[in-house]
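**Q** File follows, coords.txt with compact mmCIF, C-alpha atoms:
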```txt
# COMPACT_ATOMS: atom_id res chain seq x y z
CA MET Z 1 -42.07 30.44 -83.58
CA LYS Z 2 -39.63 27.55 -83.57
CA THR Z 3 -40.59 24.46 -81.67
CA GLY Z 4 -38.62 21.46 -80.59
CA LEU Z 5 -36.59 20.12 -77.79
CA LYS Z 6 -37.52 21.18 -74.32
CA ILE Z 7 -34.64 21.40 -71.87
CA THR Z 8 -35.39 20.69 -68.23
CA ALA Z 9 -33.47 22.18 -65.32
CA PHE Z 10 -33.16 22.69 -61.60
CA ALA Z 11 -35.90 22.93 -59.03
CA ALA Z 12 -35.96 24.12 -55.50
CA ALA Z 13 -38.75 21.96 -54.17
CA VAL Z 14 -40.15 21.74 -57.70
CA ALA Z 15 -38.47 20.84 -60.97
CA ALA Z 16 -37.07 24.04 -62.42
CA THR Z 17 -35.16 25.07 -65.46
CA PHE Z 18 -33.99 28.20 -66.84
CA GLY Z 19 -31.11 28.97 -68.99
CA THR Z 20 -28.43 31.47 -69.99
CA ALA Z 21 -25.99 33.70 -71.80
CA TYR Z 22 -24.78 37.09 -72.73
CA GLY Z 23 -23.03 40.92 -72.81
CA VAL Z 24 -20.95 41.74 -75.86
CA GLY Z 25 -17.85 39.71 -75.95
CA LYS Z 26 -14.44 40.94 -75.46
CA GLY Z 27 -11.41 39.13 -76.73
CA VAL Z 28 -10.84 36.30 -79.19
CA ASP Z 29 -12.68 33.03 -78.90
CA PRO Z 30 -10.19 30.15 -78.95
CA ILE Z 31 -12.78 27.50 -79.70
CA ALA Z 32 -12.85 27.77 -83.47
CA ALA Z 33 -10.27 29.27 -85.75
CA GLY Z 34 -11.46 32.44 -87.40
CA GLU Z 35 -14.21 33.18 -84.89
CA GLN Z 36 -14.03 36.79 -83.84
CA LYS Z 37 -15.50 38.29 -80.69
CA THR Z 38 -16.69 41.83 -80.53
CA ALA Z 39 -15.43 44.24 -77.92
CA GLY Z 40 -18.08 45.08 -75.37
CA HIS Z 41 -18.71 47.65 -72.71
CA ALA Z 42 -16.33 47.62 -69.82
CA GLU Z 43 -18.89 45.97 -67.57
CA ALA Z 44 -19.77 42.92 -69.62
CA GLY Z 45 -18.69 40.63 -72.40
CA HIS Z 46 -16.11 38.01 -73.06
CA ALA Z 47 -12.54 38.17 -71.93
CA ALA Z 48 -9.73 36.98 -74.14
CA GLY Z 49 -9.87 33.24 -74.21
CA GLY Z 50 -13.59 33.30 -73.49
CA HIS Z 51 -16.72 33.01 -75.57
CA ALA Z 52 -20.20 34.28 -75.51
CA ALA Z 53 -22.10 31.12 -74.88
CA GLY Z 54 -23.74 30.54 -71.56
CA GLY Z 55 -22.63 28.05 -68.97
CA HIS Z 56 -23.63 24.47 -69.34
CA ALA Z 57 -25.28 23.02 -66.28
CA GLU Z 58 -25.36 19.26 -66.68
CA THR Z 59 -27.09 18.33 -63.47
CA GLY Z 60 -29.76 15.68 -63.74
CA ARG Z 61 -31.33 13.68 -66.52
CA THR Z 62 -30.75 15.26 -69.91
CA GLU Z 63 -32.56 15.42 -73.19
CA LYS Z 64 -31.25 15.75 -76.71
CA ALA Z 65 -30.26 19.28 -77.67
CA GLN Z 66 -30.37 20.74 -81.15
CA ASP Z 67 -26.78 19.70 -81.90
CA GLY Z 68 -27.33 16.12 -80.81
CA HIS Z 69 -25.44 16.52 -77.56
CA ALA Z 70 -27.14 15.99 -74.23
CA GLY Z 71 -29.02 19.04 -73.04
CA HIS Z 72 -28.71 20.64 -69.65
CA GLY Z 73 -31.17 20.38 -66.83
CA ALA Z 74 -32.12 19.03 -63.47
CA SER Z 75 -33.62 15.62 -62.94
CA ASP Z 76 -37.37 15.67 -63.33
CA THR Z 77 -37.63 12.58 -61.16
CA ALA Z 78 -36.08 14.06 -58.02
CA ALA Z 79 -35.95 17.69 -57.04
CA ALA Z 80 -32.49 19.16 -56.49
CA ALA Z 81 -31.76 20.58 -53.07
CA VAL Z 82 -30.54 23.85 -54.55
CA PRO Z 83 -30.10 25.33 -58.03
CA GLY Z 84 -26.73 24.99 -59.72
CA GLY Z 85 -23.66 26.99 -58.75
CA LEU Z 86 -24.66 27.76 -55.16
CA GLN Z 87 -22.43 25.03 -53.73
CA ILE Z 88 -18.66 24.63 -53.93
CA SER Z 89 -18.97 20.87 -53.37
CA GLU Z 90 -21.57 18.39 -54.55
CA ARG Z 91 -21.74 14.61 -54.99
CA GLY Z 92 -18.13 14.25 -53.87
CA TYR Z 93 -16.74 16.82 -56.32
CA THR Z 94 -15.23 20.16 -55.24
CA LEU Z 95 -14.28 23.28 -57.18
CA ASP Z 96 -10.77 24.12 -55.94
CA LEU Z 97 -10.29 27.72 -57.06
CA ARG Z 98 -6.54 28.38 -56.77
CA THR Z 99 -6.80 32.03 -57.82
CA ARG Z 100 -8.97 33.71 -55.19
CA ARG Z 101 -8.10 37.36 -55.76
CA ILE Z 102 -7.17 39.42 -58.82
CA ALA Z 103 -6.83 43.15 -59.56
CA ALA Z 104 -9.46 45.01 -61.58
CA GLY Z 105 -8.45 45.86 -65.14
CA GLU Z 106 -5.42 43.54 -65.20
CA ARG Z 107 -5.16 40.47 -67.38
CA THR Z 108 -4.61 37.57 -64.98
CA GLU Z 109 -4.39 33.80 -65.23
CA LEU Z 110 -7.22 32.09 -63.40
CA SER Z 111 -6.28 28.64 -62.08
CA PHE Z 112 -8.50 25.94 -60.60
CA ALA Z 113 -9.08 22.19 -60.41
CA ILE Z 114 -12.00 19.85 -59.86
CA THR Z 115 -11.17 17.43 -57.06
CA LYS Z 116 -12.86 14.21 -56.02
CA ASP Z 117 -13.70 13.07 -52.47
CA ASP Z 118 -11.59 13.97 -49.45
CA THR Z 119 -8.34 12.85 -51.06
CA GLY Z 120 -8.02 16.00 -53.15
CA ARG Z 121 -7.40 13.89 -56.25
CA LYS Z 122 -7.81 16.02 -59.39
CA VAL Z 123 -10.32 14.89 -61.97
CA THR Z 124 -8.68 14.34 -65.37
CA ALA Z 125 -11.40 12.55 -67.36
CA TYR Z 126 -14.40 14.52 -68.62
CA ARG Z 127 -17.15 14.04 -71.17
CA THR Z 128 -17.29 16.58 -73.98
CA LYS Z 129 -20.46 18.66 -73.94
CA HIS Z 130 -21.24 21.25 -76.60
CA GLY Z 131 -17.71 21.11 -77.94
CA LYS Z 132 -15.87 21.49 -74.62
CA GLN Z 133 -15.04 19.44 -71.54
CA LEU Z 134 -15.68 22.35 -69.18
CA HIS Z 135 -17.38 25.71 -69.43
CA LEU Z 136 -16.43 28.47 -67.00
CA ILE Z 137 -18.75 31.38 -66.21
CA VAL Z 138 -17.57 34.41 -64.24
CA ALA Z 139 -20.17 36.97 -63.13
CA SER Z 140 -20.09 39.94 -60.80
CA ARG Z 141 -22.45 39.87 -57.83
CA ASP Z 142 -24.31 42.88 -59.22
CA LEU Z 143 -24.68 41.04 -62.58
CA THR Z 144 -23.17 43.87 -64.61
CA VAL Z 145 -20.06 41.88 -65.64
CA TYR Z 146 -20.31 38.52 -67.38
CA ARG Z 147 -17.69 36.25 -68.94
CA HIS Z 148 -17.99 32.81 -70.52
CA LEU Z 149 -14.56 31.18 -70.76
CA HIS Z 150 -13.16 27.91 -72.05
CA PRO Z 151 -10.04 27.11 -70.03
CA ALA Z 152 -7.30 24.68 -71.00
CA ARG Z 153 -6.57 21.61 -68.86
CA ALA Z 154 -3.09 20.31 -68.08
CA ALA Z 155 -2.37 16.59 -67.83
CA ASP Z 156 -2.45 16.76 -64.02
CA GLY Z 157 -6.02 18.09 -64.03
CA THR Z 158 -5.26 21.79 -63.44
CA TRP Z 159 -7.37 24.20 -65.51
CA LYS Z 160 -6.12 27.67 -66.51
CA THR Z 161 -7.52 30.58 -68.48
CA PRO Z 162 -6.67 34.27 -68.87
CA VAL Z 163 -9.29 36.73 -67.66
CA GLU Z 164 -9.59 40.49 -67.33
CA LEU Z 165 -12.37 41.90 -65.18
CA PRO Z 166 -13.02 45.63 -65.49
CA LYS Z 167 -14.38 46.52 -62.07
CA ALA Z 168 -13.73 45.72 -58.43
CA GLY Z 169 -16.13 43.78 -56.23
CA GLY Z 170 -17.36 40.29 -55.48
CA TYR Z 171 -17.66 37.73 -58.27
CA ARG Z 172 -18.94 34.19 -58.60
CA VAL Z 173 -17.08 31.56 -60.65
CA PHE Z 174 -19.15 28.68 -62.07
CA ALA Z 175 -17.57 25.47 -63.36
CA ASP Z 176 -19.98 23.55 -65.60
CA PHE Z 177 -18.77 20.03 -66.45
CA ALA Z 178 -19.55 16.30 -66.70
CA PRO Z 179 -17.01 13.86 -65.23
CA GLN Z 180 -16.39 10.78 -67.37
CA ALA Z 181 -17.24 8.56 -64.43
CA GLU Z 182 -20.68 10.13 -63.89
CA LYS Z 183 -23.91 9.81 -65.82
CA GLU Z 184 -24.94 13.33 -64.86
CA GLY Z 185 -23.05 16.60 -65.01
CA LEU Z 186 -23.04 19.35 -62.42
CA THR Z 187 -22.24 23.00 -61.83
CA LEU Z 188 -20.11 24.12 -58.88
CA GLY Z 189 -19.50 27.70 -57.73
CA ALA Z 190 -16.81 29.57 -55.79
CA ASP Z 191 -16.24 33.21 -54.82
CA LEU Z 192 -13.62 35.43 -56.45
CA SER Z 193 -12.54 38.85 -55.15
CA VAL Z 194 -11.50 41.60 -57.56
CA THR Z 195 -9.55 44.37 -55.85
CA GLY Z 196 -9.70 48.07 -56.66
CA LYS Z 197 -12.02 51.00 -56.16
CA TYR Z 198 -15.50 49.59 -55.79
CA ALA Z 199 -18.64 51.40 -56.90
CA PRO Z 200 -21.78 49.23 -56.84
CA ARG Z 201 -24.20 49.56 -59.73
CA ASP Z 202 -27.91 49.00 -59.96
CA LEU Z 203 -29.27 46.15 -62.03
CA PRO Z 204 -30.30 47.42 -65.49
CA ALA Z 205 -34.05 47.94 -65.83
CA ALA Z 206 -36.28 45.24 -67.29
CA SER Z 207 -36.64 45.52 -71.05
CA ARG Z 208 -38.03 43.72 -74.08
CA THR Z 209 -35.25 44.86 -76.42
CA THR Z 210 -31.50 45.18 -76.17
CA ASP Z 211 -28.74 46.60 -78.35
CA ALA Z 212 -26.08 43.98 -79.16
CA GLY Z 213 -23.83 46.42 -81.02
CA ASP Z 214 -23.08 47.09 -84.69
CA GLY Z 215 -26.75 47.54 -85.53
CA TYR Z 216 -27.90 44.27 -83.94
CA GLU Z 217 -31.03 44.37 -81.82
CA VAL Z 218 -32.55 41.42 -79.96
CA ARG Z 219 -36.18 41.35 -78.83
CA LEU Z 220 -37.48 39.12 -76.05
CA GLY Z 221 -40.89 37.50 -76.39
CA GLY Z 222 -42.76 35.63 -73.67
CA ASP Z 223 -42.41 35.79 -69.89
CA LEU Z 224 -40.25 33.76 -67.54
CA GLY Z 225 -42.51 31.50 -65.50
CA ALA Z 226 -41.82 30.66 -61.86
CA GLY Z 227 -42.52 27.02 -61.00
CA SER Z 228 -43.96 26.24 -64.42
CA ALA Z 229 -42.51 25.90 -67.91
CA SER Z 230 -42.75 28.85 -70.27
CA GLU Z 231 -41.41 29.63 -73.72
CA LEU Z 232 -39.03 32.50 -74.32
CA THR Z 233 -38.39 33.67 -77.88
CA LEU Z 234 -35.46 35.86 -78.81
CA SER Z 235 -35.58 37.52 -82.23
CA VAL Z 236 -32.42 38.90 -83.83
CA ALA Z 237 -32.47 41.83 -86.26
CA ARG Z 238 -29.78 44.03 -87.78
CA ASN Z 239 -30.45 47.57 -88.92
CA GLY Z 240 -34.15 46.85 -88.62
CA LYS Z 241 -34.10 43.71 -90.80
CA PRO Z 242 -34.60 40.17 -89.42
CA VAL Z 243 -31.46 38.02 -89.38
CA THR Z 244 -32.38 34.74 -91.08
CA ASP Z 245 -28.89 33.22 -91.39
CA LEU Z 246 -27.65 32.80 -87.83
CA GLN Z 247 -24.67 30.46 -87.62
CA PRO Z 248 -24.38 27.47 -85.27
CA TYR Z 249 -22.25 28.22 -82.24
CA LEU Z 250 -21.05 25.23 -80.23
CA GLY Z 251 -23.66 23.17 -82.05
CA ALA Z 252 -26.69 25.45 -81.56
CA TYR Z 253 -28.14 28.70 -82.91
CA GLY Z 254 -28.22 30.25 -79.47
CA HIS Z 255 -27.24 29.69 -75.84
CA LEU Z 256 -29.14 31.18 -72.94
CA VAL Z 257 -27.90 31.53 -69.34
CA ALA Z 258 -29.95 32.87 -66.44
CA LEU Z 259 -28.61 34.09 -63.10
CA ARG Z 260 -30.96 34.92 -60.24
CA SER Z 261 -30.33 38.31 -58.68
CA GLY Z 262 -29.40 38.05 -55.01
CA ASP Z 263 -27.77 34.61 -54.82
CA LEU Z 264 -26.71 34.05 -58.47
CA ALA Z 265 -28.45 30.69 -58.77
CA TYR Z 266 -27.36 29.42 -62.18
CA LEU Z 267 -28.82 27.28 -64.94
CA HIS Z 268 -28.32 26.86 -68.66
CA VAL Z 269 -30.79 25.92 -71.38
CA HIS Z 270 -30.17 25.19 -75.03
CA PRO Z 271 -32.72 26.21 -77.62
CA ASN Z 272 -35.65 24.25 -78.93
CA LYS Z 273 -34.97 22.73 -82.32
CA GLY Z 274 -35.10 25.27 -85.11
CA GLY Z 275 -33.07 27.89 -86.89
CA PRO Z 276 -31.29 29.60 -88.46
CA GLY Z 277 -33.26 32.61 -87.31
CA PRO Z 278 -34.47 35.20 -86.81
CA GLU Z 279 -36.11 33.58 -83.77
CA VAL Z 280 -34.48 31.26 -81.25
CA SER Z 281 -36.85 29.76 -78.68
CA PHE Z 282 -36.17 28.26 -75.26
CA THR Z 283 -38.36 26.44 -72.76
CA ALA Z 284 -37.51 27.56 -69.24
CA THR Z 285 -38.80 27.39 -65.69
CA ALA Z 286 -37.47 29.67 -62.98
CA PRO Z 287 -37.26 28.04 -59.54
CA SER Z 288 -38.87 31.04 -57.83
CA ASN Z 289 -40.32 34.48 -58.30
CA GLY Z 290 -37.66 37.16 -58.51
CA THR Z 291 -35.39 39.12 -60.80
CA TYR Z 292 -33.10 37.34 -63.25
CA ARG Z 293 -30.46 38.33 -65.77
CA LEU Z 294 -30.62 36.52 -69.10
CA PHE Z 295 -27.50 36.30 -71.27
CA LEU Z 296 -28.03 35.21 -74.88
CA ASP Z 297 -25.09 34.25 -77.11
CA PHE Z 298 -25.60 34.08 -80.85
CA LYS Z 299 -23.30 34.02 -83.87
CA HIS Z 300 -23.62 35.89 -87.15
CA ASN Z 301 -21.07 36.70 -89.86
CA GLY Z 302 -18.41 34.83 -87.90
CA THR Z 303 -18.80 36.91 -84.75
CA VAL Z 304 -20.25 35.75 -81.43
CA ARG Z 305 -22.34 38.39 -79.69
CA THR Z 306 -24.12 38.59 -76.37
CA ALA Z 307 -27.45 40.20 -75.56
CA GLU Z 308 -28.49 40.86 -71.95
CA PHE Z 309 -31.94 41.19 -70.43
CA THR Z 310 -33.33 41.80 -66.97
CA VAL Z 311 -36.62 39.95 -66.39
CA HIS Z 312 -38.94 39.35 -63.46
CA ALA Z 313 -40.09 35.75 -63.10
CA GLY Z 314 -43.75 35.43 -62.27
CA GLN Z 315 -44.69 38.72 -63.93
CA SER Z 316 -44.31 40.54 -67.23
CA ALA Z 317 -40.76 41.45 -68.24
CA GLY Z 318 -42.00 44.92 -69.15
CA ASP Z 319 -42.11 46.73 -72.45
CA HIS Z 320 -39.31 49.27 -72.24
CA SER Z 321 -37.81 50.49 -75.47
CA GLN Z 322 -34.19 50.10 -74.44
CA GLY Z 323 -32.20 47.21 -73.00
CA HIS Z 324 -28.68 46.46 -71.92
CA GLY Z 325 -26.66 44.59 -74.55
CA HIS Z 326 -23.12 44.32 -75.78
```
As structure tokens, how would this structure be written, given the file I've shared?
**A**
Amino acid sequence: MKTGLKITAFAAAVAATFGTAYGVGKGVDPIAAGEQKTAGHAEAGHAAGGHAAGGHAETGRTEKAQDGHAGHGASDTAAAAVPGGLQISERGYTLDLRTRRIAAGERTELSFAITKDDTGRKVTAYRTKHGKQLHLIVASRDLTVYRHLHPARAADGTWKTPVELPKAGGYRVFADFAPQAEKEGLTLGADLSVTGKYAPRDLPAASRTTDAGDGYEVRLGGDLGAGSASELTLSVARNGKPVTDLQPYLGAYGHLVALRSGDLAYLHVHPNKGGPGPEVSFTATAPSNGTYRLFLDFKHNGTVRTAEFTVHAGQSAGDHSQGHGH
């Protein structure tokens, strides 16, 4: 099992971290030329212009990640009032989502800005984290649709990105960024409505394995601890053989995002030092007992893929034979 850098994260009354990313991507990743994204199921993946990595919560004191960039986490000297993404405004910054409603199944431009204080002044100076100045996560409230996007910023501070969401319902948009003027980053969240015929879906069952498409299978080891740090290990195989040549993606061999079912509390953790496979390990602490969706992004043979898991913090994730991956 790989060991290395431990990433700390949010706490609700106690210091808490947990991280995220992943359903098979859909669309072409604009981050690096030649990177191809696989098409996923209609309910999850990466829209055109997006990528499979998880969101990057930069709230609190950070530690060095595998790629040398600052990691993501909450301060371990002062507990955060709430986990990331639950607030639209924090520390004087506000997520101004200009596009509040889109139609299901239609490619639409999503527009937003980060404003500062009551003046509405748009923020135009950001620190680059993991290759990008801002990471945008879009997830359905039932956690069956997931997108990780990298929007483009205009000179006036307006961010835009194309997105196509396959099903109607309520969504949460997470902006993960670090203003140049701040020592610490933060994650803000806003609601997005997707119109159309709505049919709610149950959360996929907890599982130890998931199919990431094209013969890739990812196995989850360890259990997500609530209120205490625990190690999660994700092992990648293809056609039954371990993958030992994973490629760095945004400076790391894997990105993991976790969203808490019910309120979509969000955090991101980068892996402990190690690689290039078949195992990628993460140190994570869930802020509470409950059900979480884990989204793991990894890259192999030039393609970024996402594996999804449902886990229960505070108890075993189960040992089902099938998972929900893309």
**Q** To one decimal place, how far is atom CA of Z:Tyr266 from atom CA of Z:His148 in Å?
**A**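 So the two atoms, atom CA of Z:Tyr266 and atom CA of Z:His148, lie 13.0 Å apart.
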**Q** Within 6 Å of (-11.5, 33.9, -55.3) (file coordinates; all atoms listed in the file), which protein or nucleic acid residues are there? I'd like them as a ChimeraX atom specification.
**A** /Z:99-101,191-193
**Q** Nearest residue to Z:Pro166 out of Z:Leu259, Z:Leu224, Z:Val145, Z:Ala199, using only C-alpha atoms?
**A**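 Of the candidates, the smallest distance to Z:Pro166 is held by Z:Val145.
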**Q** Do you have the atom CA of Z:His255-atom CA of Z:Ser228 distance handy?
**A**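 Computing it gives 20.5 Å between the two atoms.
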**Q** Could you check which residues have any atom within 12 Å of (-19.8, 51.4, -57.1), counting all atoms listed in the file with coordinates taken straight from the file, and then list them as a PyMOL selection string?
**A** chain Z and resi 43+141-142+144+167-170+196-203
